[in-house]
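Encoded as structure tokens, the structure appears first; notes follow it.
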Amino acid sequence: MHTDVSNINDTVLTKKNRNSLFYRMKKNRMAYLYILPAMLVVFTVSIFPIIYGIGLSFFNANLYTMGNGTVKFIGLKNYVKALGSIDAEFFVVLLRTFIWTIVNVFAHVTLGLIIALALNRQNLKFKGIYRTLIILPWAVPQFVTALVWKMMYHEQFGFFNQFLGLLGIEPIHWLSNGKIAFIAVIIVNIWLGFPFMTMVATGALQSISREYYEAADIDGATAMQKLRYITLPLLKPAMLPATILGTIWTFTNFNVIYMVTGGGPSKATEIVSTYQFNVLTRQNAYSMAATYSVIVSIILIIITLINMKVTKALSDEGVE
């Protein structure tokens, strides 16, 4: 009896050893040797800068301390400064970033769904042309589109104020008034972002079988009922990951704000990405910039974890 128990334990241990990472690496050592150069490149280009940035956030590195060699370890003081009352400006920028992200992503998803549903009609002609035209804002490089919009917002020679002048309306200070400037850059980012959501929604709509709608027609369902009970539930698996991806892109967006307003006027349009950039380039506070990056990364990780939890919940409900 004792011998049988020992044999069973040995068998279990052998299976555990075979499933261990060390055993797999030893067994497939030639394969790991082949990918070793690529892994070293990935570590050097991606992982090492992340580790370096996290480590830098625990020091007092700036232009002055690095110049006279007085850089030292200060623990969590940068995080206390960023999250405490000493640096309340960061909270204002963070709140503005959340508003920027929520408004933009809501507009991207809503417009994308509406346009995709409009283009998905069976009797619509020239669908290919419409879809090509809609994708153009997303296909053009962001900085080009941002600069074009900046020129259109020009108070004297811009398209919008020229058009308002023809209607006898006073020109609007698009980029010199803080609140209006923030709305202006949101409009630019909506223009840049909705084509992506349109493409995702269009692809998802085309994968929905017509049989569902035919069965609903037989049951006498209205257009709104088909949208609510067929279209939207079957769009969830595609739109939810796209929405989370769009949220991360929008939260970390840099080009639009920097190219159109530069964060101005008087920091009224700054979001975390431009704020970090200005702390790094104007204040030369390298450790503080690294601290803000770590905080933003933690926020994005939390958003990603929420996405994974929601996606798993949908999968458990049978929405695949």
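We label chains A, B, ... in the order they appear in the structure tokens, count residues from 1 in each chain, and number ligands from 1 in the order shown.
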
What parts of stretch 129-164 of chain A does DSSP call helix (DSSP H, G or I)? I'd like the answer as a list in words.
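Taking stretch 129-164 of chain A and keeping helix (DSSP H, G or I) gives Ile129, Tyr130, Arg131, Thr132, Leu133, Ile134, Ile135, Leu136, Pro137, Trp138, Ala139, Gln142, Phe143, Val144, Thr145, Ala146, Leu147, Val148, Trp149, Lys150, Met151, Met152, Phe159, Phe160, Asn161, Gln162, Phe163 and Leu164 of chain A.
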
Could those selected residues go to a file with N, CA, C and O atoms, as an mmCIF file, in the first residue's frame?
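Below you can see selection-v8.cif, which holds the result:
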data_model
loop_
_atom_site.group_PDB
_atom_site.id
_atom_site.type_symbol
_atom_site.label_atom_id
_atom_site.label_comp_id
_atom_site.auth_asym_id
_atom_site.auth_seq_id
_atom_site.Cartn_x
_atom_site.Cartn_y
_atom_site.Cartn_z
ATOM 1 N N ILE A 129 -18.172 53.425 -52.176
ATOM 2 C CA ILE A 129 -17.701 54.813 -52.230
ATOM 3 C C ILE A 129 -17.891 55.491 -50.875
ATOM 4 O O ILE A 129 -16.993 56.183 -50.376
ATOM 5 N N TYR A 130 -19.059 55.295 -50.275
ATOM 6 C CA TYR A 130 -19.333 55.913 -48.979
ATOM 7 C C TYR A 130 -18.343 55.431 -47.918
ATOM 8 O O TYR A 130 -17.831 56.221 -47.117
ATOM 9 N N ARG A 131 -18.085 54.120 -47.917
ATOM 10 C CA ARG A 131 -17.175 53.567 -46.912
ATOM 11 C C ARG A 131 -15.755 54.073 -47.120
ATOM 12 O O ARG A 131 -15.017 54.301 -46.154
ATOM 13 N N THR A 132 -15.359 54.257 -48.368
ATOM 14 C CA THR A 132 -14.025 54.802 -48.651
ATOM 15 C C THR A 132 -13.909 56.240 -48.159
ATOM 16 O O THR A 132 -12.901 56.625 -47.561
ATOM 17 N N LEU A 133 -14.948 57.043 -48.410
ATOM 18 C CA LEU A 133 -14.928 58.439 -47.978
ATOM 19 C C LEU A 133 -14.900 58.549 -46.450
ATOM 20 O O LEU A 133 -14.210 59.410 -45.897
ATOM 21 N N ILE A 134 -15.635 57.669 -45.778
ATOM 22 C CA ILE A 134 -15.713 57.732 -44.312
ATOM 23 C C ILE A 134 -14.394 57.353 -43.670
ATOM 24 O O ILE A 134 -14.019 57.884 -42.615
ATOM 25 N N ILE A 135 -13.639 56.444 -44.304
ATOM 26 C CA ILE A 135 -12.384 55.988 -43.705
ATOM 27 C C ILE A 135 -11.248 57.003 -43.895
ATOM 28 O O ILE A 135 -10.220 56.937 -43.214
ATOM 29 N N LEU A 136 -11.425 57.976 -44.785
ATOM 30 C CA LEU A 136 -10.351 58.929 -45.093
ATOM 31 C C LEU A 136 -9.839 59.694 -43.870
ATOM 32 O O LEU A 136 -8.621 59.847 -43.709
ATOM 33 N N PRO A 137 -10.715 60.235 -42.993
ATOM 34 C CA PRO A 137 -10.179 60.955 -41.820
ATOM 35 C C PRO A 137 -9.250 60.115 -40.964
ATOM 36 O O PRO A 137 -8.313 60.637 -40.351
ATOM 37 N N TRP A 138 -9.515 58.814 -40.890
ATOM 38 C CA TRP A 138 -8.684 57.912 -40.094
ATOM 39 C C TRP A 138 -7.418 57.517 -40.836
ATOM 40 O O TRP A 138 -6.383 57.262 -40.229
ATOM 41 N N ALA A 139 -7.493 57.485 -42.175
ATOM 42 C CA ALA A 139 -6.339 57.064 -42.976
ATOM 43 C C ALA A 139 -5.279 58.160 -43.091
ATOM 44 O O ALA A 139 -4.087 57.875 -43.175
ATOM 45 N N GLN A 142 -2.462 61.762 -38.446
ATOM 46 C CA GLN A 142 -3.104 62.622 -37.444
ATOM 47 C C GLN A 142 -2.571 64.048 -37.465
ATOM 48 O O GLN A 142 -3.336 65.006 -37.372
ATOM 49 N N PHE A 143 -1.259 64.195 -37.573
ATOM 50 C CA PHE A 143 -0.697 65.555 -37.478
ATOM 51 C C PHE A 143 -1.124 66.413 -38.662
ATOM 52 O O PHE A 143 -1.291 67.630 -38.524
ATOM 53 N N VAL A 144 -1.330 65.793 -39.834
ATOM 54 C CA VAL A 144 -1.797 66.541 -41.003
ATOM 55 C C VAL A 144 -3.220 67.040 -40.755
ATOM 56 O O VAL A 144 -3.532 68.218 -40.965
ATOM 57 N N THR A 145 -4.089 66.130 -40.307
ATOM 58 C CA THR A 145 -5.475 66.513 -40.028
ATOM 59 C C THR A 145 -5.542 67.584 -38.936
ATOM 60 O O THR A 145 -6.314 68.547 -39.048
ATOM 61 N N ALA A 146 -4.730 67.432 -37.891
ATOM 62 C CA ALA A 146 -4.732 68.404 -36.792
ATOM 63 C C ALA A 146 -4.327 69.790 -37.279
ATOM 64 O O ALA A 146 -4.941 70.800 -36.896
ATOM 65 N N LEU A 147 -3.310 69.856 -38.132
ATOM 66 C CA LEU A 147 -2.861 71.157 -38.649
ATOM 67 C C LEU A 147 -3.905 71.786 -39.570
ATOM 68 O O LEU A 147 -4.084 73.015 -39.574
ATOM 69 N N VAL A 148 -4.603 70.965 -40.358
ATOM 70 C CA VAL A 148 -5.666 71.484 -41.229
ATOM 71 C C VAL A 148 -6.790 72.084 -40.383
ATOM 72 O O VAL A 148 -7.282 73.187 -40.663
ATOM 73 N N TRP A 149 -7.189 71.365 -39.324
ATOM 74 C CA TRP A 149 -8.227 71.895 -38.436
ATOM 75 C C TRP A 149 -7.759 73.158 -37.727
ATOM 76 O O TRP A 149 -8.548 74.085 -37.519
ATOM 77 N N LYS A 150 -6.492 73.211 -37.371
ATOM 78 C CA LYS A 150 -5.973 74.415 -36.716
ATOM 79 C C LYS A 150 -6.089 75.622 -37.644
ATOM 80 O O LYS A 150 -6.452 76.725 -37.206
ATOM 81 N N MET A 151 -5.804 75.405 -38.926
ATOM 82 C CA MET A 151 -5.950 76.496 -39.886
ATOM 83 C C MET A 151 -7.416 76.886 -40.056
ATOM 84 O O MET A 151 -7.742 78.076 -40.192
ATOM 85 N N MET A 152 -8.317 75.910 -40.028
ATOM 86 C CA MET A 152 -9.743 76.229 -40.166
ATOM 87 C C MET A 152 -10.269 76.987 -38.950
ATOM 88 O O MET A 152 -11.247 77.722 -39.046
ATOM 89 N N PHE A 159 -11.651 78.904 -42.017
ATOM 90 C CA PHE A 159 -12.890 78.596 -42.761
ATOM 91 C C PHE A 159 -14.135 78.909 -41.930
ATOM 92 O O PHE A 159 -15.087 79.506 -42.437
ATOM 93 N N PHE A 160 -14.134 78.507 -40.673
ATOM 94 C CA PHE A 160 -15.353 78.653 -39.859
ATOM 95 C C PHE A 160 -15.731 80.116 -39.658
ATOM 96 O O PHE A 160 -16.895 80.496 -39.815
ATOM 97 N N ASN A 161 -14.754 80.942 -39.309
ATOM 98 C CA ASN A 161 -15.069 82.354 -39.093
ATOM 99 C C ASN A 161 -15.352 83.081 -40.401
ATOM 100 O O ASN A 161 -16.134 84.047 -40.422
ATOM 101 N N GLN A 162 -14.737 82.643 -41.481
ATOM 102 C CA GLN A 162 -15.063 83.211 -42.792
ATOM 103 C C GLN A 162 -16.518 82.904 -43.151
ATOM 104 O O GLN A 162 -17.252 83.776 -43.643
ATOM 105 N N PHE A 163 -16.942 81.680 -42.871
ATOM 106 C CA PHE A 163 -18.327 81.281 -43.151
ATOM 107 C C PHE A 163 -19.306 82.042 -42.256
ATOM 108 O O PHE A 163 -20.356 82.507 -42.714
ATOM 109 N N LEU A 164 -18.951 82.177 -40.962
ATOM 110 C CA LEU A 164 -19.805 82.939 -40.053
ATOM 111 C C LEU A 164 -19.911 84.395 -40.484
ATOM 112 O O LEU A 164 -20.964 85.027 -40.341
#

With only C-alpha atoms counted and 7 Å as the cut-off, give the residues of stretch 148-256 of chain A in contact with stretch 96-106 of chain A, each with its shortest interatomic distance in Å and the pair that gives it, as a Markdown table.
| residue | atom | partner | partner_atom | distance |
| --- | --- | --- | --- | --- |
| A:Ile186 | CA | A:Asn104 | CA | 6.5 |
| A:Asn189 | CA | A:Asn104 | CA | 6.9 |
| A:Ile190 | CA | A:Asn104 | CA | 5.8 |
| A:Gly246 | CA | A:Val105 | CA | 6.6 |
| A:Thr247 | CA | A:Val105 | CA | 6.2 |
| A:Thr250 | CA | A:Thr101 | CA | 5.6 |
| A:Phe251 | CA | A:Thr101 | CA | 5.5 |

Export of prior selection with all heavy atoms as a PDB file, in the first residue's frame:
ATOM      1  N   ILE A 186     -11.931  68.622 -29.034  1.00  0.00           N
ATOM      2  CA  ILE A 186     -12.790  67.430 -28.949  1.00  0.00           C
ATOM      3  C   ILE A 186     -13.415  67.150 -30.317  1.00  0.00           C
ATOM      4  O   ILE A 186     -13.480  65.991 -30.764  1.00  0.00           O
ATOM      5  CB  ILE A 186     -13.872  67.607 -27.866  1.00  0.00           C
ATOM      6  CG1 ILE A 186     -13.243  67.485 -26.476  1.00  0.00           C
ATOM      7  CG2 ILE A 186     -14.997  66.577 -28.039  1.00  0.00           C
ATOM      8  CD1 ILE A 186     -14.221  67.727 -25.334  1.00  0.00           C
ATOM      9  N   ASN A 189     -10.856  65.520 -32.534  1.00  0.00           N
ATOM     10  CA  ASN A 189     -10.601  64.116 -32.200  1.00  0.00           C
ATOM     11  C   ASN A 189     -11.789  63.223 -32.551  1.00  0.00           C
ATOM     12  O   ASN A 189     -11.596  62.052 -32.913  1.00  0.00           O
ATOM     13  CB  ASN A 189     -10.270  63.975 -30.714  1.00  0.00           C
ATOM     14  CG  ASN A 189      -9.521  62.699 -30.415  1.00  0.00           C
ATOM     15  OD1 ASN A 189      -8.437  62.449 -30.944  1.00  0.00           O
ATOM     16  ND2 ASN A 189     -10.105  61.847 -29.594  1.00  0.00           N
ATOM     17  N   ILE A 190     -13.005  63.749 -32.460  1.00  0.00           N
ATOM     18  CA  ILE A 190     -14.176  62.983 -32.894  1.00  0.00           C
ATOM     19  C   ILE A 190     -14.082  62.708 -34.391  1.00  0.00           C
ATOM     20  O   ILE A 190     -14.342  61.597 -34.858  1.00  0.00           O
ATOM     21  CB  ILE A 190     -15.478  63.740 -32.547  1.00  0.00           C
ATOM     22  CG1 ILE A 190     -15.698  63.739 -31.033  1.00  0.00           C
ATOM     23  CG2 ILE A 190     -16.673  63.119 -33.264  1.00  0.00           C
ATOM     24  CD1 ILE A 190     -16.854  64.616 -30.580  1.00  0.00           C
ATOM     25  N   GLY A 246     -10.247  52.063 -27.987  1.00  0.00           N
ATOM     26  CA  GLY A 246     -10.437  53.485 -28.260  1.00  0.00           C
ATOM     27  C   GLY A 246     -10.271  54.339 -27.020  1.00  0.00           C
ATOM     28  O   GLY A 246      -9.754  55.459 -27.082  1.00  0.00           O
ATOM     29  N   THR A 247     -10.687  53.808 -25.872  1.00  0.00           N
ATOM     30  CA  THR A 247     -10.529  54.527 -24.606  1.00  0.00           C
ATOM     31  C   THR A 247      -9.053  54.727 -24.284  1.00  0.00           C
ATOM     32  O   THR A 247      -8.634  55.824 -23.890  1.00  0.00           O
ATOM     33  CB  THR A 247     -11.209  53.749 -23.463  1.00  0.00           C
ATOM     34  OG1 THR A 247     -12.602  53.596 -23.756  1.00  0.00           O
ATOM     35  CG2 THR A 247     -11.049  54.476 -22.133  1.00  0.00           C
ATOM     36  N   THR A 250      -7.542  57.255 -26.758  1.00  0.00           N
ATOM     37  CA  THR A 250      -7.991  58.624 -26.496  1.00  0.00           C
ATOM     38  C   THR A 250      -7.374  59.170 -25.218  1.00  0.00           C
ATOM     39  O   THR A 250      -6.967  60.338 -25.159  1.00  0.00           O
ATOM     40  CB  THR A 250      -9.526  58.664 -26.391  1.00  0.00           C
ATOM     41  OG1 THR A 250     -10.098  58.084 -27.567  1.00  0.00           O
ATOM     42  CG2 THR A 250     -10.023  60.091 -26.255  1.00  0.00           C
ATOM     43  N   PHE A 251      -7.291  58.334 -24.190  1.00  0.00           N
ATOM     44  CA  PHE A 251      -6.722  58.762 -22.913  1.00  0.00           C
ATOM     45  C   PHE A 251      -5.268  59.186 -23.081  1.00  0.00           C
ATOM     46  O   PHE A 251      -4.808  60.131 -22.421  1.00  0.00           O
ATOM     47  CB  PHE A 251      -6.833  57.620 -21.903  1.00  0.00           C
ATOM     48  CG  PHE A 251      -6.650  58.051 -20.476  1.00  0.00           C
ATOM     49  CD1 PHE A 251      -7.742  58.390 -19.701  1.00  0.00           C
ATOM     50  CD2 PHE A 251      -5.389  58.113 -19.902  1.00  0.00           C
ATOM     51  CE1 PHE A 251      -7.587  58.792 -18.380  1.00  0.00           C
ATOM     52  CE2 PHE A 251      -5.220  58.504 -18.583  1.00  0.00           C
ATOM     53  CZ  PHE A 251      -6.321  58.852 -17.820  1.00  0.00           C
TER      54      PHE A 251
END

Write out as a VMD selection string each polymer residue whose atoms come within 7 Å of stretch 173-185 of chain A, counting only C-alpha atoms; drop sequence neighbours fewer than 2 positions from it.
chain A and resid 153 155 171 187 to 189 256 to 257 261 265 268 to 269

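The spacing separating atom CA of A:Ile74 from atom CA of A:Phe43 amounts to 26.7 Å.
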
Between A:Leu63, A:Ala290, A:Met224, A:Val93, which is the closest to A:Thr274 once you count only C-alpha atoms?
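Looking only at the distances to A:Thr274, the closest residue turns out to be A:Val93.
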
Taking only C-alpha atoms into account, which of A:Ile169, A:Val294, A:Val310, A:Ile299 comes nearest A:Ile54?
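Of all the options, A:Val294 lies closest to A:Ile54.
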
Atom CA of A:Met197 sits from atom CA of A:Gly112 at a separation of 4.8 Å

Spatial neighbours of A:Lys77, 12 Å, only C-alpha atoms, chain gap at least 4 places, as number ranges by chain:
A: 57-60, 72-73, 81-84, 86-87, 287-288, 291

Writing out the chosen residues with C-alpha atoms as a PDB file, in the first residue's frame:
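Now in result31.pdb:
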ATOM      1  CA  SER A  57      10.131  57.879 -10.495  1.00  0.00           C
ATOM      2  CA  PHE A  58      11.731  57.080  -7.117  1.00  0.00           C
ATOM      3  CA  PHE A  59      14.591  59.590  -7.598  1.00  0.00           C
ATOM      4  CA  ASN A  60      14.858  63.378  -7.733  1.00  0.00           C
ATOM      5  CA  LYS A  72      19.365  60.586  -4.946  1.00  0.00           C
ATOM      6  CA  PHE A  73      16.697  58.098  -3.967  1.00  0.00           C
ATOM      7  CA  LYS A  81       3.661  65.397  -4.694  1.00  0.00           C
ATOM      8  CA  ALA A  82       1.683  64.214  -7.732  1.00  0.00           C
ATOM      9  CA  LEU A  83      -1.310  62.928  -5.779  1.00  0.00           C
ATOM     10  CA  GLY A  84      -1.211  65.320  -2.809  1.00  0.00           C
ATOM     11  CA  ILE A  86       1.242  70.122  -3.385  1.00  0.00           C
ATOM     12  CA  ASP A  87       0.504  69.382  -7.034  1.00  0.00           C
ATOM     13  CA  SER A 287      11.495  61.986 -12.332  1.00  0.00           C
ATOM     14  CA  MET A 288       8.156  63.798 -12.069  1.00  0.00           C
ATOM     15  CA  THR A 291       5.912  59.457 -11.997  1.00  0.00           C
TER      16      THR A 291
END

For stretch 113-118 of chain A: contacts at 6 Å, only C-alpha atoms, fewer than 5 positions along chain excluded, given as a PyMOL selection string:
chain A and resi 198+201-202

Create the file for the chosen residues now, containing N, CA, C and O atoms and written as a PDB file, in the first residue's frame.
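Listing of out.pdb after writing:
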ATOM      1  N   THR A 198     -16.677  52.956 -36.998  1.00  0.00           N
ATOM      2  CA  THR A 198     -17.557  52.636 -38.131  1.00  0.00           C
ATOM      3  C   THR A 198     -17.105  51.354 -38.817  1.00  0.00           C
ATOM      4  O   THR A 198     -17.925  50.493 -39.159  1.00  0.00           O
ATOM      5  N   ALA A 201     -17.873  48.334 -36.491  1.00  0.00           N
ATOM      6  CA  ALA A 201     -19.311  48.050 -36.470  1.00  0.00           C
ATOM      7  C   ALA A 201     -19.783  47.489 -37.806  1.00  0.00           C
ATOM      8  O   ALA A 201     -20.619  46.579 -37.839  1.00  0.00           O
ATOM      9  N   THR A 202     -19.239  48.000 -38.901  1.00  0.00           N
ATOM     10  CA  THR A 202     -19.624  47.506 -40.230  1.00  0.00           C
ATOM     11  C   THR A 202     -19.246  46.042 -40.403  1.00  0.00           C
ATOM     12  O   THR A 202     -20.044  45.226 -40.885  1.00  0.00           O
TER      13      THR A 202
END

Which residue, A:Leu305, A:Ala242, A:Leu234, A:Leu94, has the smallest gap to A:His108 when you use only C-alpha atoms?
A:Ala242

Nearest candidate to A:Trp191 (options A:Leu166, A:Ala238, A:Val140, A:Ile302; using only C-alpha atoms)
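Distance minimum relative to A:Trp191 lands on A:Val140.
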
A:Val296, A:Met308, A:Val260, A:Val109: which is nearest A:Leu235, counting only C-alpha atoms?
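Going through A:Val296, A:Met308, A:Val260, A:Val109 one by one, the smallest distance to A:Leu235 is for A:Val109.
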